[in-house]
Amino acid sequence: MARFCPLFSSSSGNCTYIGNSSGGILIDVGVSARRTKEALLNIDVDPCTIKAVFITHEHSDHINGLRVFTKNNNIDVFASAGTLRALSAKGIISNVSAFEMPSQGIEAAGMFVKPFPTSHDANESCGYTITTSDDRRISVATDTGILTDEIMNAIYGSDLIMIESNHDVAMLQNGPYQYWLKRRILSDLGHLSNDSCATAVRTLVNGGTTRVFLAHLSKENNYPPLAYQTTYAALCEIGAQEGKDYILKVAGTPDSEKLTVF
């Protein structure tokens with residue numbers, strides 16, 4: 001059975017657990033090693049069963065706990081070549097075994113992990129699609145300003161998708177952020193809005209996705225109920241029924257912090 005839990009999901013820190021009977025992996029370690037271990041224990045996962053960490057990109061909210069967590073637990077790190085260069089420049093990977101993520105994917109903890117490029121202002125950022133030993137597909141697509149055809153092709157058909165729903169455009173445009181930051185977030189190299197996320201989720205649910213986690217919500221430019229309602233309304237438009245055709249959760253809320261087993 002596939003096991004999934006977004007341990008942390010926000011601009012303050014991101015870390016996602018994916019596992020099965022053979023062990024597990026983490027996507028990003030954006031909070032301290034101590035908090036990461038505590039979060040794993042809270043869902044009854046022994047940190048010693050983590051076989052590898054896959055990094056999406058080098059921004060601090062995705063790597064803050066990486067060096068300590070992987071060093072103490074002797075865990076391999078995988079990322080794109082560009083991300084590895086950025087991590088090396090920051091001194092993050094000097095004490096861990098880091099490897100370039102092959103575009104064709106690799107096996108880890110009895111699962112097959114394959115990267116796909118995302119559109120973000122980082123050095124070769126990526127998302128991941130994971131196929132478990134029982135052929136469940138889980139995709140993580142966050143920190144991307146747009147959903148390109150390549151991204152949609154990579155995640156289409158996934159049983160579970162964690163997808164960015166970072167901001168409400170009106171809240172962002174009328175909020176306190178400086179103009180340059182607003183432009184960055186709204187650009188193709190920024191973050192995905194609630195509306196763009198909802199449009200994509202509608203396509204994904206039509207393609208067979210049954211579990212959706214909305215992720216990386218901005219604390220200043222979004223609210224969990226607003227992100228939820230935007231996607232929920234889009235799914236209602238195609239006649240999809242919650243609880244029957246799909247399960248929708250917002251990562252970073254108490255309801256999402258429980259282990260999902262399917």
# chains A, B, ... in the order shown; residues from 1 in each chain; ligands from 1

$ residues_around --residues "Leu26 in chain A" --least-positions-apart "4" --cutoff "7 Å" --atoms "only C-alpha atoms" --output "PyMOL selection string"
chain A and resi 15-18+52-54

$ write_last_selection --atoms "C-alpha atoms" --output "PDB file, in the first residue's frame"
ATOM      1  CA  CYS A  15       8.777  18.289   3.501  1.00  0.00           C
ATOM      2  CA  THR A  16       6.719  15.390   2.152  1.00  0.00           C
ATOM      3  CA  TYR A  17       6.838  11.709   3.114  1.00  0.00           C
ATOM      4  CA  ILE A  18       6.099   8.963   0.577  1.00  0.00           C
ATOM      5  CA  ALA A  52      16.643   8.825   0.244  1.00  0.00           C
ATOM      6  CA  VAL A  53      15.811  12.520   0.015  1.00  0.00           C
ATOM      7  CA  PHE A  54      14.830  14.164  -3.270  1.00  0.00           C
TER       8      PHE A  54
END

$ residues_around --residues "range 115-125 of chain A" --least-positions-apart "6" --cutoff "10 Å" --atoms "only C-alpha atoms" --output "number ranges by chain"
A: 54-59, 79-87, 101-106, 139-148, 150-155, 184-185, 187-192

$ closest_residue --among "A:Arg67, A:Ser11, A:Gly19, A:Ala108" --to "Asn222 in chain A" --atoms "only C-alpha atoms"
A:Ser11

$ closest_atom_pairs --of "range 52-147 of chain A" --to "range 1-10 of chain A" --cutoff "8 Å" --atoms "only C-alpha atoms" --output "CSV"
residue,atom,partner,partner_atom,distance
A:Thr132,CA,A:Ala2,CA,6.4
A:Asp134,CA,A:Met1,CA,6.6
A:Arg136,CA,A:Ala2,CA,6.6

$ write_last_selection --atoms "C-alpha atoms" --output "tab-separated table (two decimals), in the first residue's frame"
chain	number	residue	atom	x	y	z
A	132	THR	CA	5.08	2.54	-5.71
A	134	ASP	CA	1.88	-1.78	-6.11
A	136	ARG	CA	0.25	3.58	-7.34

$ residues_around --residues "Ala234 in chain A" --least-positions-apart "3" --cutoff "7 Å" --atoms "only C-alpha atoms" --output "list in words"
Ala198, Thr199, Arg202, Thr230, Thr231 and Glu237 of chain A

$ write_last_selection --atoms "N, CA and C atoms" --output "compact mmCIF listing (two decimals), in the first residue's frame"
# COMPACT_ATOMS: atom_id res chain seq x y z
N ALA A 198 -6.75 25.18 -9.82
CA ALA A 198 -8.08 24.60 -9.96
C ALA A 198 -8.33 24.10 -11.39
N THR A 199 -7.88 24.87 -12.36
CA THR A 199 -8.04 24.45 -13.76
C THR A 199 -7.30 23.15 -14.03
N ARG A 202 -8.96 20.08 -12.29
CA ARG A 202 -10.14 19.63 -13.04
C ARG A 202 -9.73 18.63 -14.13
N THR A 230 -11.87 27.26 -4.22
CA THR A 230 -11.59 27.53 -5.63
C THR A 230 -11.50 26.24 -6.43
N THR A 231 -10.77 25.27 -5.91
CA THR A 231 -10.65 23.99 -6.60
C THR A 231 -11.94 23.19 -6.52
N GLU A 237 -18.03 22.05 -11.39
CA GLU A 237 -18.40 22.43 -12.76
C GLU A 237 -18.38 21.24 -13.71

$ closest_residue --among "A:Ile27, A:Val96, A:Ala170, A:Ala89" --to "Asn74 in chain A" --atoms "only C-alpha atoms"
A:Val96

$ residues_around --residues "Lys71 in chain A" --least-positions-apart "3" --cutoff "12 Å" --atoms "only C-alpha atoms" --output "ChimeraX atom specification"
/A:33,52-53,65-68,74-77,92-98

$ write_last_selection --atoms "C-alpha atoms" --output "mmCIF file, in the first residue's frame"
data_model
loop_
_atom_site.group_PDB
_atom_site.id
_atom_site.type_symbol
_atom_site.label_atom_id
_atom_site.label_comp_id
_atom_site.auth_asym_id
_atom_site.auth_seq_id
_atom_site.Cartn_x
_atom_site.Cartn_y
_atom_site.Cartn_z
ATOM 1 C CA ALA A 33 16.134 17.832 11.356
ATOM 2 C CA ALA A 52 16.643 8.825 0.244
ATOM 3 C CA VAL A 53 15.811 12.520 0.015
ATOM 4 C CA GLY A 65 17.170 20.797 7.533
ATOM 5 C CA LEU A 66 18.797 18.834 4.736
ATOM 6 C CA ARG A 67 22.430 18.706 5.824
ATOM 7 C CA VAL A 68 21.816 17.680 9.445
ATOM 8 C CA ASN A 74 23.403 8.484 6.436
ATOM 9 C CA ILE A 75 20.856 9.151 3.706
ATOM 10 C CA ASP A 76 21.577 9.778 0.034
ATOM 11 C CA VAL A 77 20.380 13.004 -1.597
ATOM 12 C CA ILE A 92 24.777 22.314 2.045
ATOM 13 C CA ILE A 93 25.915 19.045 0.496
ATOM 14 C CA SER A 94 29.549 18.969 1.565
ATOM 15 C CA ASN A 95 28.862 16.328 4.213
ATOM 16 C CA VAL A 96 26.290 14.166 2.475
ATOM 17 C CA SER A 97 26.264 11.770 -0.460
ATOM 18 C CA ALA A 98 24.588 13.719 -3.243
#

$ residues_around --residues "range 158-169 of chain A" --least-positions-apart "2" --cutoff "6 Å" --atoms "only C-alpha atoms" --output "PyMOL selection string"
chain A and resi 137-142+155-156+171-172+192-194+197+209-218+221-222

$ select_by_dssp --residues "range 43-233 of chain A" --states "alpha helix (DSSP H)" --output "PyMOL selection string"
chain A and resi 66-73+81-89+149-155+169-173+179-186+194-206+224-233

$ atom_distance --atom1 "CA of Gln241 in chain A" --atom2 "CA of Val201 in chain A"
13.4 Å

$ closest_residue --among "A:Ala109, A:Ile247, A:Ile130, A:Leu235" --to "Gly23 in chain A" --atoms "only C-alpha atoms"
A:Ala109

$ atom_distance --atom1 "CA of Ser12 in chain A" --atom2 "CA of Asp61 in chain A"
5.6 Å

$ atom_distance --atom1 "CA of Gly24 in chain A" --atom2 "CA of Leu40 in chain A"
10.6 Å

$ closest_residue --among "A:Asp195, A:Ile50, A:Asn73, A:Thr253" --to "Ala233 in chain A" --atoms "only C-alpha atoms"
A:Asp195

$ closest_residue --among "A:Gly239, A:Pro47, A:Pro254, A:Gly157" --to "Asn72 in chain A" --atoms "only C-alpha atoms"
A:Pro47

$ select_by_dssp --residues "range 93-203 of chain A" --states "strand (DSSP E or B)" --output "VMD selection string"
chain A and resid 98 to 100 106 to 108 111 to 117 126 to 131 137 to 141 160 to 164 167 193

$ write_last_selection --atoms "C-alpha atoms" --output "PDB file, in the first residue's frame"
ATOM      1  CA  ALA A  98      24.588  13.719  -3.243  1.00  0.00           C
ATOM      2  CA  PHE A  99      23.829  12.403  -6.709  1.00  0.00           C
ATOM      3  CA  GLU A 100      22.516  13.897  -9.918  1.00  0.00           C
ATOM      4  CA  ILE A 106      15.812   5.784 -10.271  1.00  0.00           C
ATOM      5  CA  GLU A 107      14.613   3.209  -7.760  1.00  0.00           C
ATOM      6  CA  ALA A 108      14.558   4.090  -4.064  1.00  0.00           C
ATOM      7  CA  MET A 111       9.632   2.809  -5.531  1.00  0.00           C
ATOM      8  CA  PHE A 112      10.523   4.360  -8.877  1.00  0.00           C
ATOM      9  CA  VAL A 113      11.130   8.113  -8.743  1.00  0.00           C
ATOM     10  CA  LYS A 114      11.213  10.206 -11.907  1.00  0.00           C
ATOM     11  CA  PRO A 115      11.799  13.984 -12.123  1.00  0.00           C
ATOM     12  CA  PHE A 116      10.161  16.524 -14.379  1.00  0.00           C
ATOM     13  CA  PRO A 117      11.223  20.171 -14.866  1.00  0.00           C
ATOM     14  CA  CYS A 126      11.915  19.955 -10.659  1.00  0.00           C
ATOM     15  CA  GLY A 127       8.959  17.982  -9.391  1.00  0.00           C
ATOM     16  CA  TYR A 128       8.715  14.224  -8.996  1.00  0.00           C
ATOM     17  CA  THR A 129       6.439  11.379  -9.980  1.00  0.00           C
ATOM     18  CA  ILE A 130       6.722   8.290  -7.784  1.00  0.00           C
ATOM     19  CA  THR A 131       5.452   4.837  -8.707  1.00  0.00           C
ATOM     20  CA  ARG A 137       1.418   6.881  -8.826  1.00  0.00           C
ATOM     21  CA  ILE A 138       2.034   9.942  -6.673  1.00  0.00           C
ATOM     22  CA  SER A 139       3.134  13.290  -8.107  1.00  0.00           C
ATOM     23  CA  VAL A 140       4.517  16.378  -6.384  1.00  0.00           C
ATOM     24  CA  ALA A 141       4.257  19.571  -8.441  1.00  0.00           C
ATOM     25  CA  LEU A 160      -2.554  11.183  -5.895  1.00  0.00           C
ATOM     26  CA  ILE A 161      -1.269  14.646  -6.737  1.00  0.00           C
ATOM     27  CA  MET A 162       0.160  17.310  -4.465  1.00  0.00           C
ATOM     28  CA  ILE A 163      -0.063  20.531  -6.429  1.00  0.00           C
ATOM     29  CA  GLU A 164       0.709  24.139  -5.631  1.00  0.00           C
ATOM     30  CA  HIS A 167      -2.017  32.552  -3.800  1.00  0.00           C
ATOM     31  CA  SER A 193      -2.360  30.726  -8.252  1.00  0.00           C
TER      32      SER A 193
END

$ closest_residue --among "A:Val250, A:Val31, A:Leu259, A:Val205" --to "Cys236 in chain A" --atoms "only C-alpha atoms"
A:Val205

$ decode --residues "range 94-195 of chain A" --atoms "C-alpha atoms" --output "CSV table (one decimal), in the first residue's frame"
chain,number,residue,atom,x,y,z
A,94,SER,CA,29.5,19.0,1.6
A,95,ASN,CA,28.9,16.3,4.2
A,96,VAL,CA,26.3,14.2,2.5
A,97,SER,CA,26.3,11.8,-0.5
A,98,ALA,CA,24.6,13.7,-3.2
A,99,PHE,CA,23.8,12.4,-6.7
A,100,GLU,CA,22.5,13.9,-9.9
A,101,MET,CA,19.0,12.8,-10.5
A,102,PRO,CA,18.9,11.0,-13.9
A,103,SER,CA,16.1,12.1,-16.2
A,104,GLN,CA,14.9,8.6,-16.7
A,105,GLY,CA,14.4,8.1,-12.9
A,106,ILE,CA,15.8,5.8,-10.3
A,107,GLU,CA,14.6,3.2,-7.8
A,108,ALA,CA,14.6,4.1,-4.1
A,109,ALA,CA,12.9,2.3,-1.1
A,110,GLY,CA,11.1,-0.1,-3.5
A,111,MET,CA,9.6,2.8,-5.5
A,112,PHE,CA,10.5,4.4,-8.9
A,113,VAL,CA,11.1,8.1,-8.7
A,114,LYS,CA,11.2,10.2,-11.9
A,115,PRO,CA,11.8,14.0,-12.1
A,116,PHE,CA,10.2,16.5,-14.4
A,117,PRO,CA,11.2,20.2,-14.9
A,118,THR,CA,9.2,22.9,-13.2
A,119,SER,CA,9.1,26.7,-14.0
A,120,HIS,CA,10.6,28.5,-11.1
A,121,ASP,CA,13.4,31.1,-10.4
A,122,ALA,CA,15.9,28.5,-9.2
A,123,ASN,CA,18.7,26.4,-10.7
A,124,GLU,CA,16.9,23.6,-12.6
A,125,SER,CA,14.0,23.1,-10.3
A,126,CYS,CA,11.9,20.0,-10.7
A,127,GLY,CA,9.0,18.0,-9.4
A,128,TYR,CA,8.7,14.2,-9.0
A,129,THR,CA,6.4,11.4,-10.0
A,130,ILE,CA,6.7,8.3,-7.8
A,131,THR,CA,5.5,4.8,-8.7
A,132,THR,CA,5.1,2.5,-5.7
A,133,SER,CA,5.6,-1.2,-5.7
A,134,ASP,CA,1.9,-1.8,-6.1
A,135,ASP,CA,1.7,0.6,-9.1
A,136,ARG,CA,0.3,3.6,-7.3
A,137,ARG,CA,1.4,6.9,-8.8
A,138,ILE,CA,2.0,9.9,-6.7
A,139,SER,CA,3.1,13.3,-8.1
A,140,VAL,CA,4.5,16.4,-6.4
A,141,ALA,CA,4.3,19.6,-8.4
A,142,THR,CA,5.0,22.7,-6.4
A,143,ASP,CA,7.0,25.9,-6.8
A,144,THR,CA,6.1,26.5,-10.5
A,145,GLY,CA,4.8,29.7,-12.1
A,146,ILE,CA,3.0,27.8,-14.8
A,147,LEU,CA,2.0,24.2,-15.5
A,148,THR,CA,3.6,23.4,-18.8
A,149,ASP,CA,2.5,20.6,-21.1
A,150,GLU,CA,5.6,18.7,-19.9
A,151,ILE,CA,4.5,19.0,-16.3
A,152,MET,CA,0.9,18.0,-17.1
A,153,ASN,CA,2.0,15.0,-19.2
A,154,ALA,CA,4.2,13.9,-16.3
A,155,ILE,CA,1.5,14.1,-13.6
A,156,TYR,CA,-1.5,13.1,-15.6
A,157,GLY,CA,-3.0,9.8,-14.5
A,158,SER,CA,-1.5,10.0,-11.0
A,159,ASP,CA,-3.6,8.4,-8.3
A,160,LEU,CA,-2.6,11.2,-5.9
A,161,ILE,CA,-1.3,14.6,-6.7
A,162,MET,CA,0.2,17.3,-4.5
A,163,ILE,CA,-0.1,20.5,-6.4
A,164,GLU,CA,0.7,24.1,-5.6
A,165,SER,CA,-2.2,26.5,-4.8
A,166,ASN,CA,0.0,29.4,-3.6
A,167,HIS,CA,-2.0,32.6,-3.8
A,168,ASP,CA,-5.2,34.3,-4.6
A,169,VAL,CA,-4.4,36.8,-7.4
A,170,ALA,CA,-6.6,39.6,-6.0
A,171,MET,CA,-5.2,39.2,-2.5
A,172,LEU,CA,-1.6,39.3,-3.8
A,173,GLN,CA,-2.2,42.3,-6.0
A,174,ASN,CA,-3.9,44.3,-3.2
A,175,GLY,CA,-1.6,43.0,-0.4
A,176,PRO,CA,1.4,44.5,1.3
A,177,TYR,CA,4.2,42.9,-0.8
A,178,GLN,CA,6.5,45.2,-2.7
A,179,TYR,CA,5.8,45.5,-6.5
A,180,TRP,CA,8.9,43.6,-7.5
A,181,LEU,CA,7.9,40.6,-5.3
A,182,LYS,CA,4.3,40.7,-6.7
A,183,ARG,CA,5.7,40.5,-10.2
A,184,ARG,CA,8.0,37.7,-9.3
A,185,ILE,CA,5.2,35.6,-7.8
A,186,LEU,CA,2.8,36.3,-10.7
A,187,SER,CA,5.5,35.5,-13.3
A,188,ASP,CA,6.0,32.2,-15.2
A,189,LEU,CA,8.9,31.6,-12.9
A,190,GLY,CA,6.9,32.3,-9.7
A,191,HIS,CA,4.1,30.4,-8.0
A,192,LEU,CA,0.9,28.9,-9.1
A,193,SER,CA,-2.4,30.7,-8.3
A,194,ASN,CA,-5.5,29.2,-6.9
A,195,ASP,CA,-7.3,29.6,-10.2
